[in-house]
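Peer 1: Input structure: structure-v8.cif, which contains mmCIF, N, CA and C atoms.
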data_structure
loop_
_atom_site.label_atom_id
_atom_site.label_comp_id
_atom_site.auth_asym_id
_atom_site.auth_seq_id
_atom_site.Cartn_x
_atom_site.Cartn_y
_atom_site.Cartn_z
N MET U 69 8.96 -24.86 -144.27
CA MET U 69 7.91 -25.21 -143.37
C MET U 69 7.18 -26.44 -143.88
N LYS U 70 6.89 -27.35 -142.90
CA LYS U 70 6.22 -28.60 -143.26
C LYS U 70 4.73 -28.40 -143.33
N LYS U 71 4.14 -29.16 -144.22
CA LYS U 71 2.70 -29.14 -144.38
C LYS U 71 2.06 -30.10 -143.39
N ILE U 72 0.98 -29.71 -142.77
CA ILE U 72 0.27 -30.58 -141.82
C ILE U 72 -0.67 -31.46 -142.61
N ASN U 73 -0.53 -32.79 -142.37
CA ASN U 73 -1.38 -33.75 -143.05
C ASN U 73 -2.62 -33.99 -142.18
N THR U 74 -3.70 -33.32 -142.49
CA THR U 74 -4.92 -33.41 -141.67
C THR U 74 -5.57 -34.78 -141.77
N GLN U 75 -5.44 -35.44 -142.89
CA GLN U 75 -6.03 -36.77 -143.01
C GLN U 75 -5.35 -37.77 -142.07
N ARG U 76 -4.02 -37.67 -141.99
CA ARG U 76 -3.28 -38.57 -141.10
C ARG U 76 -3.63 -38.29 -139.64
N ILE U 77 -3.76 -37.04 -139.25
CA ILE U 77 -4.13 -36.69 -137.88
C ILE U 77 -5.54 -37.18 -137.57
N LEU U 78 -6.45 -37.01 -138.51
CA LEU U 78 -7.83 -37.45 -138.32
C LEU U 78 -7.90 -38.97 -138.18
N LEU U 79 -7.19 -39.70 -139.00
CA LEU U 79 -7.17 -41.16 -138.94
C LEU U 79 -6.55 -41.64 -137.63
N THR U 80 -5.46 -41.04 -137.19
CA THR U 80 -4.82 -41.40 -135.93
C THR U 80 -5.75 -41.14 -134.75
N THR U 81 -6.46 -40.02 -134.78
CA THR U 81 -7.40 -39.69 -133.72
C THR U 81 -8.55 -40.69 -133.68
N LEU U 82 -9.06 -41.06 -134.84
CA LEU U 82 -10.15 -42.02 -134.93
C LEU U 82 -9.72 -43.38 -134.38
N VAL U 83 -8.54 -43.84 -134.73
CA VAL U 83 -8.03 -45.12 -134.23
C VAL U 83 -7.84 -45.05 -132.71
N ALA U 84 -7.31 -43.94 -132.21
CA ALA U 84 -7.11 -43.80 -130.77
C ALA U 84 -8.43 -43.82 -130.02
N VAL U 85 -9.44 -43.11 -130.53
CA VAL U 85 -10.77 -43.09 -129.88
C VAL U 85 -11.38 -44.49 -129.88
N ALA U 86 -11.27 -45.21 -131.01
CA ALA U 86 -11.81 -46.57 -131.08
C ALA U 86 -11.10 -47.49 -130.09
N PHE U 87 -9.77 -47.36 -130.00
CA PHE U 87 -8.99 -48.19 -129.08
C PHE U 87 -9.40 -47.94 -127.63
N PHE U 88 -9.47 -46.66 -127.25
CA PHE U 88 -9.82 -46.35 -125.86
C PHE U 88 -11.29 -46.69 -125.56
N GLY U 89 -12.15 -46.58 -126.55
CA GLY U 89 -13.55 -46.99 -126.37
C GLY U 89 -13.64 -48.49 -126.10
N PHE U 90 -12.90 -49.27 -126.90
CA PHE U 90 -12.87 -50.71 -126.69
C PHE U 90 -12.28 -51.05 -125.33
N LEU U 91 -11.24 -50.35 -124.93
CA LEU U 91 -10.59 -50.57 -123.64
C LEU U 91 -11.58 -50.31 -122.49
N LEU U 92 -12.32 -49.20 -122.55
CA LEU U 92 -13.31 -48.89 -121.52
C LEU U 92 -14.43 -49.93 -121.48
N TRP U 93 -14.89 -50.38 -122.64
CA TRP U 93 -15.92 -51.41 -122.72
C TRP U 93 -15.43 -52.71 -122.08
N SER U 94 -14.18 -53.09 -122.35
CA SER U 94 -13.60 -54.31 -121.77
C SER U 94 -13.53 -54.23 -120.26
N ILE U 95 -13.12 -53.08 -119.76
CA ILE U 95 -13.04 -52.89 -118.30
C ILE U 95 -14.43 -53.02 -117.68
N GLN U 96 -15.44 -52.42 -118.31
CA GLN U 96 -16.81 -52.49 -117.80
C GLN U 96 -17.30 -53.94 -117.78
N GLN U 97 -17.01 -54.71 -118.83
CA GLN U 97 -17.43 -56.11 -118.89
C GLN U 97 -16.77 -56.92 -117.78
N SER U 98 -15.49 -56.71 -117.56
CA SER U 98 -14.80 -57.48 -116.53
C SER U 98 -15.30 -57.10 -115.14
N LEU U 99 -15.66 -55.85 -114.92
CA LEU U 99 -16.22 -55.44 -113.62
C LEU U 99 -17.57 -56.09 -113.38
N SER U 100 -18.41 -56.15 -114.42
CA SER U 100 -19.72 -56.77 -114.22
C SER U 100 -19.58 -58.27 -113.97
N GLU U 101 -18.58 -58.93 -114.56
CA GLU U 101 -18.32 -60.34 -114.29
C GLU U 101 -17.85 -60.53 -112.85
N GLU U 102 -16.99 -59.63 -112.36
CA GLU U 102 -16.53 -59.70 -110.97
C GLU U 102 -17.69 -59.48 -110.01
N GLU U 103 -18.57 -58.54 -110.32
CA GLU U 103 -19.73 -58.30 -109.47
C GLU U 103 -20.60 -59.54 -109.38
N SER U 104 -20.78 -60.23 -110.49
CA SER U 104 -21.61 -61.43 -110.46
C SER U 104 -20.95 -62.53 -109.63
N LEU U 105 -19.62 -62.53 -109.56
CA LEU U 105 -18.95 -63.50 -108.70
C LEU U 105 -19.19 -63.19 -107.23
N TYR U 106 -19.23 -61.90 -106.89
CA TYR U 106 -19.50 -61.52 -105.50
C TYR U 106 -20.94 -61.79 -105.12
N ILE U 107 -21.85 -61.52 -106.03
CA ILE U 107 -23.27 -61.72 -105.76
C ILE U 107 -23.58 -63.22 -105.69
N GLY U 108 -22.98 -63.99 -106.53
CA GLY U 108 -23.19 -65.43 -106.54
C GLY U 108 -24.45 -65.80 -107.30
N PRO U 109 -24.63 -67.11 -107.50
CA PRO U 109 -25.81 -67.55 -108.23
C PRO U 109 -27.08 -67.38 -107.38
N THR U 110 -28.19 -67.28 -108.05
CA THR U 110 -29.46 -67.19 -107.35
C THR U 110 -29.83 -68.58 -106.85
N ILE U 111 -30.10 -68.68 -105.57
CA ILE U 111 -30.44 -69.96 -104.97
C ILE U 111 -31.94 -69.96 -104.67
N SER U 112 -32.63 -70.96 -105.18
CA SER U 112 -34.04 -71.06 -104.85
C SER U 112 -34.17 -71.98 -103.64
N TYR U 113 -34.93 -71.54 -102.68
CA TYR U 113 -35.08 -72.26 -101.43
C TYR U 113 -36.39 -73.03 -101.46
N VAL U 114 -36.33 -74.29 -101.17
CA VAL U 114 -37.52 -75.12 -101.09
C VAL U 114 -37.75 -75.47 -99.64
N ASN U 115 -38.91 -75.14 -99.15
CA ASN U 115 -39.26 -75.42 -97.76
C ASN U 115 -39.74 -76.86 -97.66
N PRO U 116 -39.01 -77.73 -96.92
CA PRO U 116 -39.43 -79.13 -96.81
C PRO U 116 -40.70 -79.30 -95.97
N LEU U 117 -41.14 -78.25 -95.29
CA LEU U 117 -42.33 -78.33 -94.45
C LEU U 117 -43.54 -77.68 -95.13
N ALA U 118 -43.47 -77.49 -96.44
CA ALA U 118 -44.59 -76.85 -97.14
C ALA U 118 -44.67 -77.34 -98.57
N ASN U 119 -45.90 -77.38 -99.08
CA ASN U 119 -46.15 -77.57 -100.50
C ASN U 119 -47.32 -76.67 -100.87
N SER U 120 -47.90 -76.87 -102.02
CA SER U 120 -48.96 -75.95 -102.47
C SER U 120 -50.24 -76.05 -101.65
N SER U 121 -50.41 -77.13 -100.89
CA SER U 121 -51.65 -77.33 -100.14
C SER U 121 -51.48 -77.39 -98.63
N ILE U 122 -50.26 -77.69 -98.15
CA ILE U 122 -50.04 -77.90 -96.72
C ILE U 122 -48.78 -77.18 -96.27
N THR U 123 -48.84 -76.56 -95.11
CA THR U 123 -47.67 -75.99 -94.46
C THR U 123 -47.67 -76.47 -93.01
N ILE U 124 -46.57 -77.07 -92.58
CA ILE U 124 -46.44 -77.53 -91.20
C ILE U 124 -45.69 -76.47 -90.41
N ILE U 125 -46.26 -76.04 -89.30
CA ILE U 125 -45.61 -75.07 -88.41
C ILE U 125 -44.89 -75.80 -87.28
N ALA U 126 -45.55 -76.80 -86.69
CA ALA U 126 -44.95 -77.59 -85.62
C ALA U 126 -45.43 -79.03 -85.75
N PRO U 127 -44.55 -79.98 -85.59
CA PRO U 127 -43.14 -79.87 -85.23
C PRO U 127 -42.30 -79.47 -86.44
N THR U 128 -41.08 -79.03 -86.17
CA THR U 128 -40.15 -78.69 -87.24
C THR U 128 -39.16 -79.84 -87.42
N LEU U 129 -38.29 -79.71 -88.40
CA LEU U 129 -37.35 -80.78 -88.72
C LEU U 129 -36.50 -81.17 -87.52
N ASN U 130 -36.46 -82.45 -87.23
CA ASN U 130 -35.64 -83.05 -86.17
C ASN U 130 -35.96 -82.53 -84.77
N ASP U 131 -37.19 -82.05 -84.58
CA ASP U 131 -37.63 -81.64 -83.23
C ASP U 131 -37.61 -82.84 -82.30
N ARG U 132 -37.42 -82.55 -81.04
CA ARG U 132 -37.53 -83.57 -79.99
C ARG U 132 -38.98 -83.50 -79.51
N ILE U 133 -39.70 -84.61 -79.65
CA ILE U 133 -41.12 -84.61 -79.30
C ILE U 133 -41.42 -85.69 -78.27
N LYS U 134 -42.55 -85.52 -77.57
CA LYS U 134 -43.05 -86.55 -76.67
C LYS U 134 -44.57 -86.53 -76.75
N SER U 135 -45.17 -87.63 -76.33
CA SER U 135 -46.62 -87.74 -76.36
C SER U 135 -47.24 -86.96 -75.21
N PRO U 136 -48.29 -86.21 -75.46
CA PRO U 136 -48.98 -85.98 -76.72
C PRO U 136 -48.27 -84.93 -77.58
N LEU U 137 -48.34 -85.13 -78.89
CA LEU U 137 -47.71 -84.22 -79.84
C LEU U 137 -48.66 -83.10 -80.20
N ALA U 138 -48.18 -81.86 -80.15
CA ALA U 138 -48.96 -80.71 -80.62
C ALA U 138 -48.56 -80.44 -82.07
N LEU U 139 -49.49 -80.68 -82.97
CA LEU U 139 -49.27 -80.52 -84.40
C LEU U 139 -50.05 -79.30 -84.87
N SER U 140 -49.41 -78.44 -85.67
CA SER U 140 -50.12 -77.26 -86.17
C SER U 140 -49.60 -76.89 -87.55
N GLY U 141 -50.44 -76.15 -88.28
CA GLY U 141 -50.06 -75.71 -89.61
C GLY U 141 -51.23 -75.06 -90.32
N ARG U 142 -51.12 -75.08 -91.66
CA ARG U 142 -52.18 -74.51 -92.51
C ARG U 142 -52.39 -75.48 -93.66
N ALA U 143 -53.63 -75.56 -94.13
CA ALA U 143 -53.91 -76.45 -95.25
C ALA U 143 -55.08 -75.92 -96.08
N ASP U 144 -55.05 -76.25 -97.36
CA ASP U 144 -56.14 -75.98 -98.28
C ASP U 144 -56.69 -77.34 -98.69
N LEU U 145 -57.84 -77.70 -98.14
CA LEU U 145 -58.40 -79.03 -98.36
C LEU U 145 -58.97 -79.21 -99.76
N ALA U 146 -59.63 -78.21 -100.29
CA ALA U 146 -60.21 -78.27 -101.64
C ALA U 146 -60.97 -79.57 -101.88
N GLY U 147 -61.81 -79.97 -100.94
CA GLY U 147 -62.62 -81.18 -101.09
C GLY U 147 -61.95 -82.44 -100.59
N ASN U 148 -60.70 -82.39 -100.26
CA ASN U 148 -59.98 -83.56 -99.77
C ASN U 148 -60.02 -83.60 -98.24
N LYS U 149 -59.58 -84.72 -97.68
CA LYS U 149 -59.49 -84.85 -96.22
C LYS U 149 -58.02 -84.77 -95.83
N LEU U 150 -57.76 -84.15 -94.68
CA LEU U 150 -56.40 -84.00 -94.16
C LEU U 150 -56.18 -85.05 -93.08
N LYS U 151 -55.04 -85.72 -93.17
CA LYS U 151 -54.75 -86.80 -92.22
C LYS U 151 -53.31 -86.68 -91.74
N THR U 152 -53.06 -87.17 -90.53
CA THR U 152 -51.70 -87.22 -89.99
C THR U 152 -51.42 -88.63 -89.49
N ARG U 153 -50.13 -88.95 -89.49
CA ARG U 153 -49.68 -90.27 -89.02
C ARG U 153 -48.32 -90.08 -88.39
N ILE U 154 -48.10 -90.76 -87.27
CA ILE U 154 -46.79 -90.76 -86.61
C ILE U 154 -46.25 -92.18 -86.70
N LYS U 155 -45.03 -92.31 -87.23
CA LYS U 155 -44.39 -93.62 -87.35
C LYS U 155 -42.99 -93.54 -86.75
N ASP U 156 -42.53 -94.66 -86.21
CA ASP U 156 -41.13 -94.68 -85.80
C ASP U 156 -40.29 -95.12 -87.00
N VAL U 157 -38.97 -95.08 -86.84
CA VAL U 157 -38.06 -95.34 -87.95
C VAL U 157 -38.21 -96.77 -88.48
N LYS U 158 -38.75 -97.68 -87.68
CA LYS U 158 -38.96 -99.07 -88.11
C LYS U 158 -40.26 -99.22 -88.90
N GLY U 159 -41.03 -98.16 -89.02
CA GLY U 159 -42.26 -98.21 -89.79
C GLY U 159 -43.50 -98.50 -88.97
N LEU U 160 -43.36 -98.69 -87.66
CA LEU U 160 -44.50 -98.96 -86.79
C LEU U 160 -45.35 -97.69 -86.67
N ILE U 161 -46.64 -97.82 -86.98
CA ILE U 161 -47.54 -96.67 -86.87
C ILE U 161 -47.92 -96.49 -85.40
N LEU U 162 -47.57 -95.34 -84.86
CA LEU U 162 -47.82 -95.04 -83.45
C LEU U 162 -49.15 -94.34 -83.25
N ALA U 163 -49.61 -93.59 -84.24
CA ALA U 163 -50.90 -92.90 -84.15
C ALA U 163 -51.31 -92.42 -85.54
N GLU U 164 -52.63 -92.32 -85.75
CA GLU U 164 -53.20 -91.77 -86.97
C GLU U 164 -54.45 -90.99 -86.61
N SER U 165 -54.71 -89.92 -87.34
CA SER U 165 -55.91 -89.15 -87.08
C SER U 165 -56.23 -88.24 -88.26
N PHE U 166 -57.52 -87.97 -88.43
CA PHE U 166 -57.93 -86.95 -89.39
C PHE U 166 -57.84 -85.60 -88.70
N ILE U 167 -57.62 -84.56 -89.49
CA ILE U 167 -57.48 -83.21 -88.94
C ILE U 167 -58.54 -82.32 -89.59
N GLN U 168 -59.12 -81.45 -88.80
CA GLN U 168 -60.07 -80.46 -89.30
C GLN U 168 -59.37 -79.10 -89.40
N THR U 169 -59.63 -78.40 -90.49
CA THR U 169 -59.15 -77.02 -90.60
C THR U 169 -60.30 -76.10 -90.20
N LYS U 170 -59.97 -74.86 -89.95
CA LYS U 170 -60.99 -73.89 -89.54
C LYS U 170 -61.94 -73.57 -90.69
N ASP U 171 -61.47 -73.60 -91.94
CA ASP U 171 -62.30 -73.33 -93.10
C ASP U 171 -61.86 -74.26 -94.22
N ALA U 172 -62.73 -75.15 -94.64
CA ALA U 172 -62.38 -76.16 -95.65
C ALA U 172 -62.34 -75.60 -97.07
N LYS U 173 -62.76 -74.36 -97.27
CA LYS U 173 -62.84 -73.82 -98.63
C LYS U 173 -61.63 -73.00 -99.05
N LYS U 174 -60.71 -72.75 -98.13
CA LYS U 174 -59.51 -71.97 -98.47
C LYS U 174 -58.38 -72.38 -97.52
N MET U 175 -57.19 -71.84 -97.75
CA MET U 175 -56.05 -72.10 -96.88
C MET U 175 -56.43 -71.65 -95.47
N SER U 176 -56.36 -72.59 -94.53
CA SER U 176 -56.85 -72.30 -93.19
C SER U 176 -55.99 -73.02 -92.15
N ASP U 177 -55.97 -72.48 -90.93
CA ASP U 177 -55.18 -73.05 -89.84
C ASP U 177 -55.76 -74.38 -89.36
N PHE U 178 -54.87 -75.22 -88.86
CA PHE U 178 -55.29 -76.43 -88.16
C PHE U 178 -54.37 -76.65 -86.97
N SER U 179 -54.88 -77.36 -85.99
CA SER U 179 -54.05 -77.78 -84.86
C SER U 179 -54.67 -79.03 -84.27
N LEU U 180 -53.81 -79.86 -83.70
CA LEU U 180 -54.25 -81.14 -83.16
C LEU U 180 -53.27 -81.57 -82.09
N VAL U 181 -53.78 -82.09 -81.00
CA VAL U 181 -52.95 -82.71 -79.98
C VAL U 181 -53.20 -84.20 -80.11
N LEU U 182 -52.14 -84.95 -80.37
CA LEU U 182 -52.26 -86.36 -80.70
C LEU U 182 -51.39 -87.22 -79.78
N LYS U 183 -52.03 -88.13 -79.05
CA LYS U 183 -51.29 -89.09 -78.23
C LYS U 183 -50.84 -90.23 -79.13
N TYR U 184 -49.63 -90.73 -78.86
CA TYR U 184 -49.13 -91.85 -79.64
C TYR U 184 -48.53 -92.92 -78.74
N LYS U 185 -48.44 -94.16 -79.30
CA LYS U 185 -47.87 -95.30 -78.58
C LYS U 185 -46.38 -95.08 -78.35
N LYS U 186 -45.84 -95.83 -77.40
CA LYS U 186 -44.40 -95.76 -77.12
C LYS U 186 -43.63 -96.23 -78.36
N PRO U 187 -42.71 -95.41 -78.83
CA PRO U 187 -41.94 -95.79 -80.03
C PRO U 187 -40.93 -96.89 -79.73
N SER U 188 -40.64 -97.71 -80.76
CA SER U 188 -39.65 -98.78 -80.61
C SER U 188 -38.25 -98.31 -81.00
N ALA U 189 -38.15 -97.06 -81.41
CA ALA U 189 -36.86 -96.48 -81.80
C ALA U 189 -36.85 -95.02 -81.39
N GLY U 190 -35.68 -94.41 -81.41
CA GLY U 190 -35.54 -93.02 -80.97
C GLY U 190 -35.91 -91.97 -81.99
N THR U 191 -36.05 -92.40 -83.25
CA THR U 191 -36.40 -91.44 -84.30
C THR U 191 -37.64 -91.92 -85.05
N GLY U 192 -38.25 -90.99 -85.74
CA GLY U 192 -39.44 -91.34 -86.51
C GLY U 192 -39.84 -90.22 -87.45
N ILE U 193 -41.08 -90.32 -87.91
CA ILE U 193 -41.59 -89.37 -88.89
C ILE U 193 -43.02 -89.00 -88.54
N VAL U 194 -43.31 -87.71 -88.66
CA VAL U 194 -44.69 -87.23 -88.59
C VAL U 194 -45.09 -86.91 -90.02
N GLU U 195 -46.14 -87.56 -90.49
CA GLU U 195 -46.61 -87.35 -91.86
C GLU U 195 -47.95 -86.59 -91.82
N VAL U 196 -48.08 -85.63 -92.71
CA VAL U 196 -49.33 -84.91 -92.89
C VAL U 196 -49.61 -84.93 -94.39
N PHE U 197 -50.82 -85.33 -94.77
CA PHE U 197 -51.13 -85.48 -96.18
C PHE U 197 -52.62 -85.34 -96.41
N LEU U 198 -52.98 -85.19 -97.67
CA LEU U 198 -54.38 -85.14 -98.07
C LEU U 198 -54.79 -86.51 -98.57
N ILE U 199 -56.05 -86.86 -98.36
CA ILE U 199 -56.64 -88.07 -98.93
C ILE U 199 -57.46 -87.60 -100.13
N SER U 200 -57.11 -88.07 -101.31
CA SER U 200 -57.77 -87.65 -102.54
C SER U 200 -59.25 -88.00 -102.50
N ALA U 201 -60.09 -87.03 -102.86
CA ALA U 201 -61.53 -87.26 -102.94
C ALA U 201 -61.88 -88.19 -104.11
N LYS U 202 -61.02 -88.24 -105.13
CA LYS U 202 -61.26 -89.09 -106.31
C LYS U 202 -61.08 -90.57 -106.01
N ASP U 203 -59.87 -90.91 -105.50
CA ASP U 203 -59.52 -92.33 -105.38
C ASP U 203 -59.02 -92.75 -104.01
N GLY U 204 -59.02 -91.85 -103.04
CA GLY U 204 -58.60 -92.20 -101.68
C GLY U 204 -57.10 -92.33 -101.49
N LYS U 205 -56.31 -91.95 -102.48
CA LYS U 205 -54.85 -92.04 -102.37
C LYS U 205 -54.29 -90.89 -101.54
N GLU U 206 -53.12 -91.14 -100.95
CA GLU U 206 -52.41 -90.10 -100.19
C GLU U 206 -51.72 -89.16 -101.19
N ILE U 207 -52.01 -87.86 -101.05
CA ILE U 207 -51.41 -86.87 -101.95
C ILE U 207 -50.85 -85.72 -101.13
N LYS U 208 -49.92 -84.97 -101.73
CA LYS U 208 -49.33 -83.78 -101.12
C LYS U 208 -48.73 -84.07 -99.74
N LYS U 209 -48.11 -85.23 -99.58
CA LYS U 209 -47.58 -85.65 -98.28
C LYS U 209 -46.34 -84.87 -97.89
N ILE U 210 -46.30 -84.46 -96.63
CA ILE U 210 -45.11 -83.85 -96.02
C ILE U 210 -44.67 -84.78 -94.91
N SER U 211 -43.41 -85.15 -94.91
CA SER U 211 -42.84 -86.03 -93.88
C SER U 211 -41.82 -85.25 -93.08
N VAL U 212 -42.05 -85.17 -91.78
CA VAL U 212 -41.18 -84.40 -90.89
C VAL U 212 -40.40 -85.37 -90.01
N PRO U 213 -39.08 -85.46 -90.17
CA PRO U 213 -38.30 -86.32 -89.27
C PRO U 213 -38.27 -85.73 -87.85
N VAL U 214 -38.45 -86.60 -86.85
CA VAL U 214 -38.48 -86.17 -85.45
C VAL U 214 -37.67 -87.12 -84.60
N ASN U 215 -37.37 -86.67 -83.38
CA ASN U 215 -36.68 -87.48 -82.39
C ASN U 215 -37.61 -87.63 -81.19
N PHE U 216 -37.85 -88.89 -80.79
CA PHE U 216 -38.73 -89.12 -79.64
C PHE U 216 -37.95 -89.00 -78.34
N THR U 217 -38.59 -88.41 -77.34
CA THR U 217 -37.96 -88.30 -76.03
C THR U 217 -38.65 -89.19 -75.00
N ASP U 218 -39.65 -89.94 -75.42
CA ASP U 218 -40.34 -90.85 -74.49
C ASP U 218 -40.13 -92.28 -74.85
#
Just give me the structure as structure tokens.

Peer 2:
Amino acid sequence: MKKINTQRILLTTLVAVAFFGFLLWSIQQSLSEEESLYIGPTISYVNPLANSSITIIAPTLNDRIKSPLALSGRADLAGNKLKTRIKDVKGLILAESFIQTKDAKKMSDFSLVLKYKKPSAGTGIVEVFLISAKDGKEIKKISVPVNFTD
């Protein structure tokens, strides 16, 4: 009768458990990599019609507009003045105006109906920006491309 070598059996069992443990860990890692491929990278979305002080609701990007333009949004003036300007693609200023918000001390709604001159081109830009209380410079400007229908 043969003698059973318990040390050899124990060592073989230990190696087998380590091997299968590593195999299971590898499978788990590859699955999590595949899942990340399905989920994809995180995309941060930047709204071109908003910044920390101004949000434009209307017009939206590439809207078809005609005079008078209904402009609306929200703004936090924080001591600054809010202004809008409509220009055609050639840079001709068609209209400019200051805008009042409902409450100058916090983020508040604004709306304005603005008549503008006949554009010399079919496309243009509606700009909304703050005038700095310090130096009068244009800050926090949002430029909305538009298409004129008049």

Peer 1: Find the residue from U:Thr123, U:Asn215, U:Asn130, U:Ser179 that sits nearest to Phe197 in chain U; use only C-alpha atoms when measuring.

Peer 2: U:Thr123

Peer 1: For a quick check of understanding, using all atoms listed in the file, which of U:Ile210, U:Ala143, U:Leu162, U:Val157 has the smallest distance to Asp177 in chain U?

Peer 2: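 Under the stated criterion, the closest residue is U:Ala143.
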
Peer 1: Suppose a student applies the PyMOL selection byres ((chain U and resi 149) around 7) to this structure; what residues should they get, written as a ChimeraX atom specification?

Peer 2: /U:145-148,150-151,166-167,197-201

Peer 1: Quick check for you: according to DSSP on this backbone, which residues of chain U are classed as helix (DSSP H, G or I)? Reply as a PyMOL selection string.

Peer 2: chain U and resi 74-107

Peer 1: Between CA of Leu137 in chain U and CA of Met175 in chain U, what is the spacing in Å?

Peer 2: 22.5 Å

Peer 1: Could you write out, as a list in words, all the residues of range 170-208 of chain U that DSSP marks as strand (DSSP E or B)?

Peer 2: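 Matching residues, listed in order: Ser176, Asp177, Phe178, Ser179, Leu180, Val181, Leu182, Thr191, Gly192, Ile193, Val194, Glu195, Val196, Phe197, Leu198, Ile199, Glu206, Ile207 and Lys208 of chain U.
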
Peer 1: Carefully work through the PyMOL selection byres (((chain U and resi 129 and name CA) around 6) and name CA) for this structure and note down the residues it includes, as a list of chain:residue names.

Peer 2: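 On the file shown, the PyMOL selection byres (((chain U and resi 129 and name CA) around 6) and name CA) covers U:Thr128, U:Asn130, U:Asp131, U:Val212, U:Pro213.
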
Peer 1: Taking the file as shown, what set of residues would the PyMOL selection byres ((chain U and resi 190) around 6) give back, as a list in words?

Peer 2: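 Evaluating the PyMOL selection byres ((chain U and resi 190) around 6) on these coordinates yields Ser188, Ala189, Thr191, Gly192, Val214, Asn215 and Phe216 of chain U.
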
Peer 1: Leaving out Ile154 in chain U and any residue of its chain fewer than 3 positions from it, which residues lie within 5 Å of it when counting all atoms listed in the file, given as number ranges by chain?

Peer 2: U: 161-163, 193-195

Peer 1: Distance atom N of Asp218 in chain U-atom C of Lys183 in chain U, one decimal place?

Peer 2: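 That distance, rounded to one decimal, is 11.8 Å.
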
Peer 1: Between atom C of Lys170 in chain U and atom C of Ala138 in chain U, what is the distance, to one decimal in Å?

Peer 2: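 Going from atom C of Lys170 in chain U over to atom C of Ala138 in chain U, I get 17.3 Å.
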
Peer 1: Taking only N, CA and C atoms into account, name the residue in U:Gly89, U:Gly141, U:Pro187, U:Gly159 that is nearest to Ile122 in chain U.

Peer 2: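 Residue with the minimum atom-to-atom distance to Ile122 in chain U: U:Gly141.
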
Peer 1: So, with only C-alpha atoms as the atoms that count, which of U:Thr217, U:Ser211, U:Ser140, U:Thr152 lies closest to Leu180 in chain U?

Peer 2: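 Smallest separation from Leu180 in chain U among the options: U:Ser140.
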
Peer 1: Using only C-alpha atoms, can you tell me which of U:Val85, U:Leu78, U:Ala118, U:Ile72 comes closest to Asp144 in chain U?

Peer 2: U:Ala118
